[in-house]
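A.B. asks: Sending over work-v9.cif (mmCIF, C-alpha atoms and all ligand atoms).
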data_query
#
loop_
_atom_site.group_PDB
_atom_site.id
_atom_site.type_symbol
_atom_site.label_atom_id
_atom_site.label_comp_id
_atom_site.auth_asym_id
_atom_site.auth_seq_id
_atom_site.Cartn_x
_atom_site.Cartn_y
_atom_site.Cartn_z
ATOM 1 C CA MET A 75 8.398 -3.077 15.796
ATOM 2 C CA ALA A 76 5.676 -2.226 18.336
ATOM 3 C CA GLU A 77 6.732 0.658 20.563
ATOM 4 C CA SER A 78 6.029 0.787 24.244
ATOM 5 C CA ASN A 79 2.921 2.987 23.966
ATOM 6 C CA GLY A 80 1.553 0.656 21.288
ATOM 7 C CA PHE A 81 0.832 3.445 18.799
ATOM 8 C CA ASN A 82 3.434 2.671 16.163
ATOM 9 C CA ARG A 83 2.168 -0.755 15.257
ATOM 10 C CA PHE A 84 2.866 -0.473 11.535
ATOM 11 C CA ALA A 85 6.275 0.537 10.210
ATOM 12 C CA GLY A 86 6.109 -0.450 6.534
ATOM 13 C CA THR A 87 7.572 -3.622 5.033
ATOM 14 C CA ASP A 88 10.526 -4.499 2.816
ATOM 15 C CA GLY A 89 8.195 -4.750 -0.181
ATOM 16 C CA TYR A 90 6.323 -1.466 0.276
ATOM 17 C CA ILE A 91 7.779 1.981 0.737
ATOM 18 C CA ALA A 92 5.410 3.993 2.864
ATOM 19 C CA SER A 93 5.992 7.712 3.418
ATOM 20 C CA ASN A 94 5.990 8.922 7.041
ATOM 21 C CA PRO A 95 2.536 10.537 6.736
ATOM 22 C CA LEU A 96 1.131 7.260 5.369
ATOM 23 C CA VAL A 97 2.662 5.251 8.219
ATOM 24 C CA ASP A 98 1.165 7.765 10.679
ATOM 25 C CA ALA A 99 -2.259 7.508 9.056
ATOM 26 C CA VAL A 100 -2.215 3.703 9.256
ATOM 27 C CA ASN A 101 -1.207 3.808 12.937
ATOM 28 C CA CYS A 102 -3.770 6.490 13.691
ATOM 29 C CA ALA A 103 -6.549 4.374 12.151
ATOM 30 C CA ILE A 104 -5.396 1.315 14.117
ATOM 31 C CA ALA A 105 -5.298 3.287 17.373
ATOM 32 C CA LEU A 106 -8.755 4.805 16.828
ATOM 33 C CA GLN A 107 -10.098 1.487 15.498
ATOM 34 C CA ARG A 108 -11.555 3.369 12.557
ATOM 35 C CA PRO A 109 -11.358 2.462 8.858
ATOM 36 C CA LEU A 110 -8.557 4.134 6.919
ATOM 37 C CA LEU A 111 -9.798 5.716 3.693
ATOM 38 C CA ILE A 112 -7.014 5.936 1.105
ATOM 39 C CA LYS A 113 -7.158 8.062 -2.012
ATOM 40 C CA GLY A 114 -4.502 8.894 -4.580
ATOM 41 C CA GLU A 115 -3.768 8.718 -8.294
ATOM 42 C CA PRO A 116 -4.261 5.300 -9.911
ATOM 43 C CA GLY A 117 -1.148 3.147 -9.507
ATOM 44 C CA THR A 118 0.160 4.823 -6.366
ATOM 45 C CA GLY A 119 -0.048 1.709 -4.225
ATOM 46 C CA LYS A 120 -3.466 2.029 -2.562
ATOM 47 C CA THR A 121 -4.533 -1.573 -3.062
ATOM 48 C CA VAL A 122 -1.201 -3.239 -2.324
ATOM 49 C CA LEU A 123 -0.909 -1.221 0.888
ATOM 50 C CA ALA A 124 -3.493 -3.530 2.511
ATOM 51 C CA GLN A 125 -1.401 -6.591 1.763
ATOM 52 C CA HIS A 126 1.629 -4.949 3.337
ATOM 53 C CA VAL A 127 -0.262 -3.671 6.379
ATOM 54 C CA ALA A 128 -1.424 -7.268 6.925
ATOM 55 C CA GLU A 129 2.134 -8.525 6.491
ATOM 56 C CA GLY A 130 3.576 -5.814 8.753
ATOM 57 C CA LEU A 131 1.054 -6.501 11.517
ATOM 58 C CA GLY A 132 1.246 -10.274 11.050
ATOM 59 C CA MET A 133 -2.508 -10.537 10.455
ATOM 60 C CA PRO A 134 -4.465 -12.395 7.751
ATOM 61 C CA LEU A 135 -5.881 -10.302 4.898
ATOM 62 C CA LEU A 136 -9.441 -10.438 3.616
ATOM 63 C CA LYS A 137 -10.248 -8.636 0.365
ATOM 64 C CA TRP A 138 -13.534 -7.241 -0.822
ATOM 65 C CA HIS A 139 -13.287 -5.890 -4.379
ATOM 66 C CA ILE A 140 -16.226 -3.601 -5.051
ATOM 67 C CA LYS A 141 -18.010 -3.584 -8.414
ATOM 68 C CA SER A 142 -20.735 -1.329 -9.785
ATOM 69 C CA THR A 143 -23.292 -3.991 -8.829
ATOM 70 C CA SER A 144 -21.968 -4.579 -5.280
ATOM 71 C CA LYS A 145 -24.390 -4.194 -2.399
ATOM 72 C CA ALA A 146 -23.360 -3.573 1.165
ATOM 73 C CA VAL A 147 -25.159 -6.681 2.380
ATOM 74 C CA ASP A 148 -22.949 -8.881 0.103
ATOM 75 C CA GLY A 149 -20.047 -8.055 2.378
ATOM 76 C CA LEU A 150 -21.985 -9.259 5.418
ATOM 77 C CA TYR A 151 -23.543 -12.492 4.223
ATOM 78 C CA VAL A 152 -25.305 -14.158 1.316
ATOM 79 C CA TYR A 153 -28.239 -16.521 1.730
ATOM 80 C CA ASP A 154 -27.883 -19.124 -1.017
ATOM 81 C CA THR A 155 -31.568 -19.711 -1.790
ATOM 82 C CA VAL A 156 -30.788 -21.288 -5.166
ATOM 83 C CA GLN A 157 -28.665 -24.010 -3.559
ATOM 84 C CA ARG A 158 -31.337 -24.637 -0.947
ATOM 85 C CA LEU A 159 -34.011 -24.922 -3.633
ATOM 86 C CA ASN A 160 -31.852 -27.334 -5.622
ATOM 87 C CA ASP A 161 -31.178 -29.433 -2.539
ATOM 88 C CA SER A 162 -34.871 -29.609 -1.706
ATOM 89 C CA ARG A 163 -35.691 -30.641 -5.274
ATOM 90 C CA PHE A 164 -32.914 -33.094 -5.941
ATOM 91 C CA GLY A 165 -31.967 -34.134 -2.433
ATOM 92 C CA GLY A 166 -28.653 -33.497 -0.697
ATOM 93 C CA GLY A 167 -27.511 -30.779 1.658
ATOM 94 C CA ASN A 168 -29.235 -30.016 4.914
ATOM 95 C CA VAL A 169 -32.401 -28.281 3.763
ATOM 96 C CA GLY A 170 -33.848 -28.059 7.264
ATOM 97 C CA ASP A 171 -30.943 -25.962 8.477
ATOM 98 C CA ILE A 172 -30.978 -22.474 6.960
ATOM 99 C CA ARG A 173 -27.611 -21.761 8.578
ATOM 100 C CA SER A 174 -25.853 -24.124 6.205
ATOM 101 C CA TYR A 175 -26.963 -21.880 3.317
ATOM 102 C CA ILE A 176 -25.711 -18.660 4.880
ATOM 103 C CA LYS A 177 -22.242 -17.710 3.570
ATOM 104 C CA LEU A 178 -20.462 -14.885 5.269
ATOM 105 C CA GLY A 179 -19.023 -12.185 2.991
ATOM 106 C CA PRO A 180 -15.607 -10.598 3.607
ATOM 107 C CA LEU A 181 -16.868 -8.170 6.273
ATOM 108 C CA GLY A 182 -18.827 -10.936 7.998
ATOM 109 C CA GLN A 183 -15.793 -13.235 7.916
ATOM 110 C CA SER A 184 -13.602 -10.543 9.436
ATOM 111 C CA PHE A 185 -16.079 -10.186 12.340
ATOM 112 C CA ALA A 186 -16.446 -13.918 12.893
ATOM 113 C CA ALA A 187 -12.711 -14.706 12.719
ATOM 114 C CA GLU A 188 -10.938 -15.926 15.835
ATOM 115 C CA GLU A 189 -7.947 -13.658 15.212
ATOM 116 C CA ARG A 190 -7.813 -10.020 14.190
ATOM 117 C CA GLN A 191 -7.914 -9.504 10.425
ATOM 118 C CA VAL A 192 -6.977 -6.794 7.988
ATOM 119 C CA LEU A 193 -9.912 -6.120 5.665
ATOM 120 C CA LEU A 194 -9.469 -4.361 2.332
ATOM 121 C CA ILE A 195 -12.582 -2.755 0.832
ATOM 122 C CA ASP A 196 -11.157 -1.916 -2.576
ATOM 123 C CA GLU A 197 -12.577 0.854 -4.793
ATOM 124 C CA VAL A 198 -15.563 1.776 -2.637
ATOM 125 C CA ASP A 199 -16.518 4.480 -5.166
ATOM 126 C CA LYS A 200 -17.353 1.862 -7.847
ATOM 127 C CA ALA A 201 -20.675 0.992 -6.192
ATOM 128 C CA ASP A 202 -23.753 3.229 -6.061
ATOM 129 C CA LEU A 203 -24.104 6.069 -3.581
ATOM 130 C CA GLU A 204 -26.138 4.005 -1.137
ATOM 131 C CA PHE A 205 -23.287 1.545 -0.691
ATOM 132 C CA PRO A 206 -21.177 3.532 1.801
ATOM 133 C CA ASN A 207 -24.305 4.734 3.625
ATOM 134 C CA ASP A 208 -25.470 1.154 4.028
ATOM 135 C CA LEU A 209 -22.212 0.207 5.725
ATOM 136 C CA LEU A 210 -22.216 2.975 8.344
ATOM 137 C CA ARG A 211 -23.750 1.029 11.182
ATOM 138 C CA GLU A 212 -21.746 -2.142 10.579
ATOM 139 C CA LEU A 213 -18.465 -0.226 10.424
ATOM 140 C CA ASP A 214 -19.335 1.680 13.598
ATOM 141 C CA GLU A 215 -20.682 -1.107 15.732
ATOM 142 C CA MET A 216 -18.878 -3.965 13.990
ATOM 143 C CA ARG A 217 -21.910 -6.183 14.303
ATOM 144 C CA PHE A 218 -24.948 -7.185 12.272
ATOM 145 C CA THR A 219 -27.891 -9.556 12.389
ATOM 146 C CA ILE A 220 -28.596 -12.308 9.892
ATOM 147 C CA ASN A 221 -32.292 -11.702 9.249
ATOM 148 C CA GLU A 222 -33.094 -15.259 8.149
ATOM 149 C CA THR A 223 -31.815 -16.822 11.381
ATOM 150 C CA SER A 224 -31.821 -13.812 13.765
ATOM 151 C CA ASP A 225 -28.197 -14.703 14.557
ATOM 152 C CA ASP A 226 -26.098 -11.790 15.719
ATOM 153 C CA VAL A 227 -22.577 -11.608 14.285
ATOM 154 C CA ALA A 228 -20.406 -9.349 16.425
ATOM 155 C CA ALA A 229 -16.706 -8.759 15.807
ATOM 156 C CA LYS A 230 -14.590 -10.805 18.198
ATOM 157 C CA HIS A 231 -11.751 -8.462 17.252
ATOM 158 C CA ARG A 232 -12.383 -5.233 15.364
ATOM 159 C CA PRO A 233 -10.685 -5.725 11.979
ATOM 160 C CA VAL A 234 -8.176 -3.205 10.660
ATOM 161 C CA VAL A 235 -10.203 -1.843 7.736
ATOM 162 C CA LEU A 236 -8.568 -0.179 4.724
ATOM 163 C CA ILE A 237 -10.844 1.391 2.136
ATOM 164 C CA THR A 238 -9.590 2.663 -1.214
ATOM 165 C CA SER A 239 -11.279 5.153 -3.512
ATOM 166 C CA ASN A 240 -10.386 6.516 -6.945
ATOM 167 C CA ASN A 241 -12.619 9.542 -6.496
ATOM 168 C CA GLU A 242 -15.135 8.448 -9.125
ATOM 169 C CA LYS A 243 -17.888 9.489 -6.743
ATOM 170 C CA GLU A 244 -18.056 11.771 -3.725
ATOM 171 C CA LEU A 245 -18.444 9.810 -0.511
ATOM 172 C CA PRO A 246 -21.128 10.934 1.948
ATOM 173 C CA ASP A 247 -20.045 13.077 4.897
ATOM 174 C CA ALA A 248 -21.485 10.625 7.401
ATOM 175 C CA PHE A 249 -19.213 7.964 5.943
ATOM 176 C CA LEU A 250 -16.177 10.259 5.933
ATOM 177 C CA ARG A 251 -16.752 11.163 9.572
ATOM 178 C CA ARG A 252 -16.208 7.553 10.553
ATOM 179 C CA CYS A 253 -12.903 7.167 8.710
ATOM 180 C CA VAL A 254 -9.332 8.324 9.076
ATOM 181 C CA PHE A 255 -8.328 9.807 5.730
ATOM 182 C CA HIS A 256 -5.062 9.762 3.822
ATOM 183 C CA PHE A 257 -4.254 10.988 0.337
ATOM 184 C CA ILE A 258 -1.154 9.309 -1.143
ATOM 185 C CA GLU A 259 0.813 12.214 -2.595
ATOM 186 C CA PHE A 260 2.627 11.336 -5.786
ATOM 187 C CA PRO A 261 6.132 10.274 -4.659
ATOM 188 C CA GLU A 262 8.958 12.792 -5.041
ATOM 189 C CA PRO A 263 12.083 11.437 -6.811
ATOM 190 C CA ALA A 264 13.840 10.472 -3.546
ATOM 191 C CA LEU A 265 10.923 8.299 -2.420
ATOM 192 C CA MET A 266 10.480 6.984 -5.947
ATOM 193 C CA ARG A 267 14.092 5.772 -5.963
ATOM 194 C CA GLN A 268 13.298 3.646 -2.922
ATOM 195 C CA ILE A 269 10.093 2.316 -4.504
ATOM 196 C CA VAL A 270 11.930 1.407 -7.718
ATOM 197 C CA ALA A 271 14.666 -0.296 -5.672
ATOM 198 C CA VAL A 272 12.032 -2.622 -4.171
ATOM 199 C CA HIS A 273 11.103 -3.844 -7.646
ATOM 200 C CA HIS A 274 14.449 -3.514 -9.437
ATOM 201 C CA PRO A 275 17.095 -3.813 -6.726
ATOM 202 C CA HIS A 276 20.100 -4.141 -9.054
ATOM 203 C CA LEU A 277 19.367 -1.247 -11.367
ATOM 204 C CA ASP A 278 22.421 0.709 -12.472
ATOM 205 C CA ALA A 279 22.428 4.121 -10.756
ATOM 206 C CA LYS A 280 23.018 6.078 -13.999
ATOM 207 C CA LEU A 281 20.222 4.239 -15.767
ATOM 208 C CA LEU A 282 17.878 4.887 -12.858
ATOM 209 C CA ASP A 283 18.702 8.574 -13.045
ATOM 210 C CA GLN A 284 17.934 8.731 -16.771
ATOM 211 C CA VAL A 285 14.723 6.772 -16.272
ATOM 212 C CA LEU A 286 13.525 9.100 -13.526
ATOM 213 C CA ILE A 287 14.480 12.251 -15.435
ATOM 214 C CA LYS A 288 12.425 11.118 -18.444
ATOM 215 C CA PHE A 289 9.564 9.950 -16.254
ATOM 216 C CA TYR A 290 9.193 13.172 -14.244
ATOM 217 C CA TRP A 291 9.664 15.245 -17.398
ATOM 218 C CA LEU A 292 6.750 13.375 -18.994
ATOM 219 C CA ARG A 293 4.606 13.927 -15.925
ATOM 220 C CA GLU A 294 5.380 17.669 -16.077
ATOM 221 C CA GLN A 295 3.950 18.016 -19.599
ATOM 222 C CA LYS A 296 0.939 20.229 -19.061
ATOM 223 C CA ASP A 297 -1.402 18.888 -21.736
ATOM 224 C CA LEU A 298 -0.885 15.197 -20.896
ATOM 225 C CA ARG A 299 -4.265 13.447 -20.639
ATOM 226 C CA LYS A 300 -3.047 10.676 -18.362
ATOM 227 C CA ARG A 301 0.151 11.030 -16.438
ATOM 228 C CA PRO A 302 2.159 7.820 -15.972
ATOM 229 C CA SER A 303 2.132 6.471 -12.430
ATOM 230 C CA THR A 304 4.402 4.480 -10.145
ATOM 231 C CA SER A 305 3.173 1.123 -11.434
ATOM 232 C CA GLU A 306 3.779 2.212 -15.042
ATOM 233 C CA LEU A 307 7.283 3.368 -14.160
ATOM 234 C CA VAL A 308 8.036 -0.027 -12.595
ATOM 235 C CA ASP A 309 6.725 -1.764 -15.745
ATOM 236 C CA TRP A 310 8.658 0.532 -18.045
ATOM 237 C CA ILE A 311 11.917 -0.211 -16.262
ATOM 238 C CA ALA A 312 11.185 -3.940 -16.559
ATOM 239 C CA ALA A 313 10.760 -3.492 -20.334
ATOM 240 C CA LEU A 314 13.979 -1.455 -20.590
ATOM 241 C CA LEU A 315 15.938 -4.067 -18.671
ATOM 242 C CA ARG A 316 14.590 -6.971 -20.703
ATOM 243 C CA SER A 317 15.415 -5.226 -23.964
ATOM 244 C CA GLY A 318 18.987 -4.639 -22.805
ATOM 245 C CA LEU A 319 18.794 -1.029 -23.995
ATOM 246 C CA SER A 320 21.981 0.995 -23.578
ATOM 247 C CA LEU A 321 22.170 4.120 -21.466
ATOM 248 C CA ASP A 322 22.978 6.437 -24.395
ATOM 249 C CA LYS A 323 19.863 5.249 -26.297
ATOM 250 C CA LEU A 324 17.766 6.163 -23.287
ATOM 251 C CA GLU A 325 19.412 9.584 -23.103
ATOM 252 C CA GLU A 326 18.236 10.385 -26.629
ATOM 253 C CA HIS A 327 14.606 9.273 -26.595
ATOM 254 C CA ILE A 328 11.825 7.465 -24.715
ATOM 255 C CA PRO A 329 11.546 3.854 -25.892
ATOM 256 C CA PHE A 330 8.548 1.569 -25.194
ATOM 257 C CA VAL A 331 6.409 4.607 -24.612
ATOM 258 C CA GLY A 332 3.291 2.416 -24.582
ATOM 259 C CA ALA A 333 4.315 1.205 -21.123
ATOM 260 C CA LEU A 334 4.032 4.799 -19.881
ATOM 261 C CA LEU A 335 1.418 6.587 -21.976
ATOM 262 C CA LYS A 336 -2.013 5.068 -22.418
ATOM 263 C CA LYS A 337 -3.844 7.672 -24.492
ATOM 264 C CA GLU A 338 -3.338 7.970 -28.254
ATOM 265 C CA GLN A 339 -3.384 11.787 -27.983
ATOM 266 C CA ASP A 340 -0.460 11.660 -25.542
ATOM 267 C CA ILE A 341 1.534 9.335 -27.791
ATOM 268 C CA GLU A 342 0.771 11.579 -30.786
ATOM 269 C CA ALA A 343 1.919 14.649 -28.853
ATOM 270 C CA LEU A 344 5.215 12.927 -28.087
ATOM 271 C CA LYS A 345 5.653 11.948 -31.733
ATOM 272 C CA THR A 346 5.056 15.563 -32.754
ATOM 273 C CA PHE A 347 7.644 16.673 -30.201
ATOM 274 C CA ASP A 348 10.068 14.125 -31.675
ATOM 275 C CA GLY A 349 9.248 15.167 -35.242
ATOM 276 C CA ARG A 350 10.001 18.788 -34.468
ATOM 277 C CA GLY A 351 13.416 17.752 -33.177
ATOM 278 C CA GLY A 352 12.440 18.421 -29.556
ATOM 279 C CA LYS A 353 15.240 17.870 -27.041
ATOM 280 C CA TYR A 354 14.625 15.395 -24.263
ATOM 281 C CA PRO A 355 16.061 16.296 -20.871
ATOM 282 C CA LYS A 356 19.273 14.514 -19.887
ATOM 283 C CA ALA A 357 19.908 16.064 -16.489
ATOM 284 C CA TRP A 358 17.774 16.959 -13.503
ATOM 285 C CA SER A 359 18.638 20.611 -14.076
ATOM 286 C CA ASP A 360 16.745 20.410 -17.418
ATOM 287 C CA LEU A 361 13.556 19.862 -15.435
ATOM 288 C CA GLY A 362 13.577 23.188 -13.648
ATOM 289 C CA PRO A 363 14.179 24.298 -10.061
ATOM 290 C CA ARG A 364 11.690 21.883 -8.502
ATOM 291 C CA TYR A 365 13.901 18.971 -9.418
ATOM 292 C CA GLN A 366 17.310 20.203 -8.324
ATOM 293 C CA GLN A 367 18.967 17.089 -6.848
HETATM 294 N N1 LIG B 1 4.966 2.705 -2.198
HETATM 295 C C1 LIG B 1 5.135 1.642 -2.987
HETATM 296 N N2 LIG B 1 6.048 0.685 -2.672
HETATM 297 C C2 LIG B 1 6.206 -0.379 -3.484
HETATM 298 N N3 LIG B 1 5.532 -0.590 -4.636
HETATM 299 C C3 LIG B 1 4.619 0.332 -5.015
HETATM 300 C C4 LIG B 1 4.373 1.485 -4.207
HETATM 301 N N4 LIG B 1 3.427 2.232 -4.821
HETATM 302 C C5 LIG B 1 3.079 1.581 -5.945
HETATM 303 N N5 LIG B 1 3.788 0.428 -6.076
HETATM 304 C C6 LIG B 1 3.695 -0.520 -7.208
HETATM 305 O O1 LIG B 1 2.639 -0.092 -8.052
HETATM 306 C C7 LIG B 1 1.747 -1.178 -8.323
HETATM 307 C C8 LIG B 1 0.349 -0.626 -8.334
HETATM 308 O O2 LIG B 1 -0.122 -0.454 -7.019
HETATM 309 P P1 LIG B 1 -1.668 -0.571 -6.673
HETATM 310 O O3 LIG B 1 -2.340 -1.581 -7.549
HETATM 311 O O4 LIG B 1 -1.802 -0.746 -5.218
HETATM 312 O O5 LIG B 1 -2.161 0.886 -7.101
HETATM 313 P P2 LIG B 1 -3.558 1.549 -6.835
HETATM 314 O O6 LIG B 1 -3.273 2.862 -6.205
HETATM 315 O O7 LIG B 1 -4.450 0.598 -6.115
HETATM 316 O O8 LIG B 1 -4.053 1.780 -8.319
HETATM 317 P P3 LIG B 1 -5.567 1.824 -8.856
HETATM 318 O O9 LIG B 1 -6.139 3.095 -8.350
HETATM 319 O O10 LIG B 1 -5.403 1.813 -10.351
HETATM 320 O O11 LIG B 1 -6.265 0.601 -8.327
HETATM 321 C C9 LIG B 1 1.978 -2.207 -7.249
HETATM 322 O O12 LIG B 1 1.888 -3.516 -7.736
HETATM 323 C C10 LIG B 1 3.385 -1.940 -6.807
HETATM 324 O O13 LIG B 1 4.214 -2.760 -7.616
HETATM 325 MG MG MG B 2 -6.201 -0.339 -6.652
#
Could you render the structure from this file as structure tokens?
Ligand SMILES: Nc1ncnc2c1ncn2[C@@H]1O[C@H](COP(=O)(O)OP(=O)(O)OP(=O)(O)O)[C@@H](O)[C@H]1O
Ligand SMILES: [Mg+2]
C.D. replies:
Amino acid sequence: MAESNGFNRFAGTDGYIASNPLVDAVNCAIALQRPLLIKGEPGTGKTVLAQHVAEGLGMPLLKWHIKSTSKAVDGLYVYDTVQRLNDSRFGGGNVGDIRSYIKLGPLGQSFAAEERQVLLIDEVDKADLEFPNDLLRELDEMRFTINETSDDVAAKHRPVVLITSNNEKELPDAFLRRCVFHFIEFPEPALMRQIVAVHHPHLDAKLLDQVLIKFYWLREQKDLRKRPSTSELVDWIAALLRSGLSLDKLEEHIPFVGALLKKEQDIEALKTFDGRGGKYPKAWSDLGPRYQQ
């Protein structure tokens, strides 16, 4: 997989279909040893990418799922004062040794590890605005000091860092400057066929066509509040297959719409369309020039 100049380290995996620009972005981030910041619609494979980069590079994966209450320091280490207090009260543990109460967080573990790791920092925009700012130095220098012990933790191998964001908050420019950026464009039908094939390898070609025609038609509806994504398409197909629905039924309407649409207004709009005798598309040509196959 690795080419002679060492740039093309990542080439995708059997379980994840990465577009060429995404593969380039991953390799660029690896070459520059900078974090890769990934954005894109929900359900377009941002989080699972990390697992597949780890698999493709043959490296272990560490995950750090960010919550609204997450603090940058949690990723470095946590000093378990409560445990130490309990041990000193009730006996047990090694109260004299602060180090035994220091637990490295995911970022700390990735620095301390003997082999190079892939680190996922998932949904960085969930935390407050200080969070990315507080990580700048650690991501740059890949080292930090544990204040309680004055121990320095420096990365033995700089981890491959993937950061995902759902755009809930703007990230600071100083943070962006340190990252390689990639926006996962919503897959065109040709790429989507490959993605679906990963999850449903034995899908009948005619059924797949009908599924994709309905799916992209839905996404084209202008007043949709939430457009269905890749993961919802994969789920929908699973529901269709389990129900044993025939191809002609699928040509006429959109069954199990709750697997695709998640807003009551969107479901209502579809019902109204149905009620008015609206015609669902049956061929790619019904979707307009953009979808000519
Ligand atoms: N390129 C792809 N190749 C294979 N599977 C994919 C791809 N893109 C999306 N999927 C499927 O979609 C599912 C959702 O992906 P994932 O959870 O990574 O999305 P996400 O972008 O992180 O969404 P969110 O923003 O909601 O967290 C995955 O479990 C996977 O099955
Ligand atoms: Mg995700």
A.B. asks: List the residues matched by the PyMOL selection byres (((chain A and resi 126-143) around 8) and not hetatm) in the displayed structure as a PyMOL selection string, ordered by chain and then by residue number.
C.D. replies: chain A and resi 83-87+89-90+122-125+144-145+149+180-181+184+189-198+200-202
A.B. asks: Run the PyMOL selection byres (((chain A and resi 110) around 8) and not hetatm) against the file shown and list the residues it catches, as a list of chain:residue names.
C.D. replies: A:Ala99, A:Val100, A:Ala103, A:Arg108, A:Pro109, A:Leu111, A:Ile112, A:Val235, A:Leu236, A:Ile237, A:Cys253, A:Val254, A:Phe255, A:His256
A.B. asks: Quick one: residues within 10 Å of stretch 166-173 of chain A, all atoms listed in the file, excluding same-chain residues fewer than 2 positions away - as a list in words?
C.D. replies: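 Counting only the stated atoms, we get Tyr153, Asp154, Thr155, Gln157, Arg158, Leu159, Asn160, Asp161, Ser162, Arg163, Phe164, Tyr175, Ile176, Lys177, Ile220, Glu222, Thr223 and Asp225 of chain A.
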A.B. asks: What does the list of residues within 9 Å of ligand LIG 1 (chain B) look like if you count all atoms listed in the file, written as an MDAnalysis selection string?
C.D. replies: chainID A and resid 87:93 112:124 196:197 238:240 258 261 265:266 268:273 303:309
A.B. asks: Pick the closest to ligand MG 2 (chain B) from A:Asn101, A:Asn221, A:Asn207, A:Asn241: which is it, counting all atoms listed in the file?
C.D. replies: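 Of A:Asn101, A:Asn221, A:Asn207, A:Asn241, the one nearest ligand MG 2 (chain B), counting all atoms listed in the file, is A:Asn241.
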A.B. asks: Tell me, in Å to one decimal, how far atom CA of A:Asp297 is from atom CA of A:Ala313.
C.D. replies: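 These two atoms are separated by 25.5 Å.
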A.B. asks: Between A:Leu277, A:Gly332, A:Asp199, A:Phe260, which one has atoms that come closest to ligand MG 2 (chain B), using only C-alpha atoms and all ligand atoms?
C.D. replies: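 When distances to ligand MG 2 (chain B) are compared using only C-alpha atoms and all ligand atoms, the smallest one comes from A:Asp199.
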A.B. asks: Could you check the closest approach to A:Val147 for each of A:Gln107, A:Arg211, A:Lys345, A:Lys296 and tell me which residue wins, using only C-alpha atoms?
C.D. replies: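 Result for the nearest residue to A:Val147: A:Arg211.
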A.B. asks: Please write as a PDB file with C-alpha atoms, in the coordinates of the input the full residue list that the PyMOL selection byres (((chain A and resi 324) around 10) and not hetatm) yields on this file.
C.D. replies:
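See out05.pdb below for the written result:
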ATOM      1  CA  LEU A 281      20.222   4.239 -15.767  1.00  0.00           C
ATOM      2  CA  GLN A 284      17.934   8.731 -16.771  1.00  0.00           C
ATOM      3  CA  VAL A 285      14.723   6.772 -16.272  1.00  0.00           C
ATOM      4  CA  LYS A 288      12.425  11.118 -18.444  1.00  0.00           C
ATOM      5  CA  LEU A 314      13.979  -1.455 -20.590  1.00  0.00           C
ATOM      6  CA  LEU A 319      18.794  -1.029 -23.995  1.00  0.00           C
ATOM      7  CA  SER A 320      21.981   0.995 -23.578  1.00  0.00           C
ATOM      8  CA  LEU A 321      22.170   4.120 -21.466  1.00  0.00           C
ATOM      9  CA  ASP A 322      22.978   6.437 -24.395  1.00  0.00           C
ATOM     10  CA  LYS A 323      19.863   5.249 -26.297  1.00  0.00           C
ATOM     11  CA  GLU A 325      19.412   9.584 -23.103  1.00  0.00           C
ATOM     12  CA  GLU A 326      18.236  10.385 -26.629  1.00  0.00           C
ATOM     13  CA  HIS A 327      14.606   9.273 -26.595  1.00  0.00           C
ATOM     14  CA  ILE A 328      11.825   7.465 -24.715  1.00  0.00           C
ATOM     15  CA  PRO A 329      11.546   3.854 -25.892  1.00  0.00           C
ATOM     16  CA  TYR A 354      14.625  15.395 -24.263  1.00  0.00           C
ATOM     17  CA  LYS A 356      19.273  14.514 -19.887  1.00  0.00           C
TER      18      LYS A 356
END
A.B. asks: If you count only C-alpha atoms, which residues fall within 12 Å of A:Glu212, apart from same-chain ones fewer than 2 positions away, as a PDB file with C-alpha atoms, in the coordinates of the input?
C.D. replies:
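So out-v3.pdb came out as:
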ATOM      1  CA  ARG A 108     -11.555   3.369  12.557  1.00  0.00           C
ATOM      2  CA  PRO A 109     -11.358   2.462   8.858  1.00  0.00           C
ATOM      3  CA  ALA A 146     -23.360  -3.573   1.165  1.00  0.00           C
ATOM      4  CA  VAL A 147     -25.159  -6.681   2.380  1.00  0.00           C
ATOM      5  CA  GLY A 149     -20.047  -8.055   2.378  1.00  0.00           C
ATOM      6  CA  LEU A 150     -21.985  -9.259   5.418  1.00  0.00           C
ATOM      7  CA  LEU A 181     -16.868  -8.170   6.273  1.00  0.00           C
ATOM      8  CA  GLY A 182     -18.827 -10.936   7.998  1.00  0.00           C
ATOM      9  CA  SER A 184     -13.602 -10.543   9.436  1.00  0.00           C
ATOM     10  CA  PHE A 185     -16.079 -10.186  12.340  1.00  0.00           C
ATOM     11  CA  PHE A 205     -23.287   1.545  -0.691  1.00  0.00           C
ATOM     12  CA  PRO A 206     -21.177   3.532   1.801  1.00  0.00           C
ATOM     13  CA  ASN A 207     -24.305   4.734   3.625  1.00  0.00           C
ATOM     14  CA  ASP A 208     -25.470   1.154   4.028  1.00  0.00           C
ATOM     15  CA  LEU A 209     -22.212   0.207   5.725  1.00  0.00           C
ATOM     16  CA  LEU A 210     -22.216   2.975   8.344  1.00  0.00           C
ATOM     17  CA  ASP A 214     -19.335   1.680  13.598  1.00  0.00           C
ATOM     18  CA  GLU A 215     -20.682  -1.107  15.732  1.00  0.00           C
ATOM     19  CA  MET A 216     -18.878  -3.965  13.990  1.00  0.00           C
ATOM     20  CA  ARG A 217     -21.910  -6.183  14.303  1.00  0.00           C
ATOM     21  CA  PHE A 218     -24.948  -7.185  12.272  1.00  0.00           C
ATOM     22  CA  THR A 219     -27.891  -9.556  12.389  1.00  0.00           C
ATOM     23  CA  ASP A 226     -26.098 -11.790  15.719  1.00  0.00           C
ATOM     24  CA  VAL A 227     -22.577 -11.608  14.285  1.00  0.00           C
ATOM     25  CA  ALA A 228     -20.406  -9.349  16.425  1.00  0.00           C
ATOM     26  CA  ALA A 229     -16.706  -8.759  15.807  1.00  0.00           C
ATOM     27  CA  ARG A 232     -12.383  -5.233  15.364  1.00  0.00           C
ATOM     28  CA  PRO A 233     -10.685  -5.725  11.979  1.00  0.00           C
ATOM     29  CA  VAL A 235     -10.203  -1.843   7.736  1.00  0.00           C
ATOM     30  CA  PHE A 249     -19.213   7.964   5.943  1.00  0.00           C
ATOM     31  CA  ARG A 252     -16.208   7.553  10.553  1.00  0.00           C
TER      32      ARG A 252
END
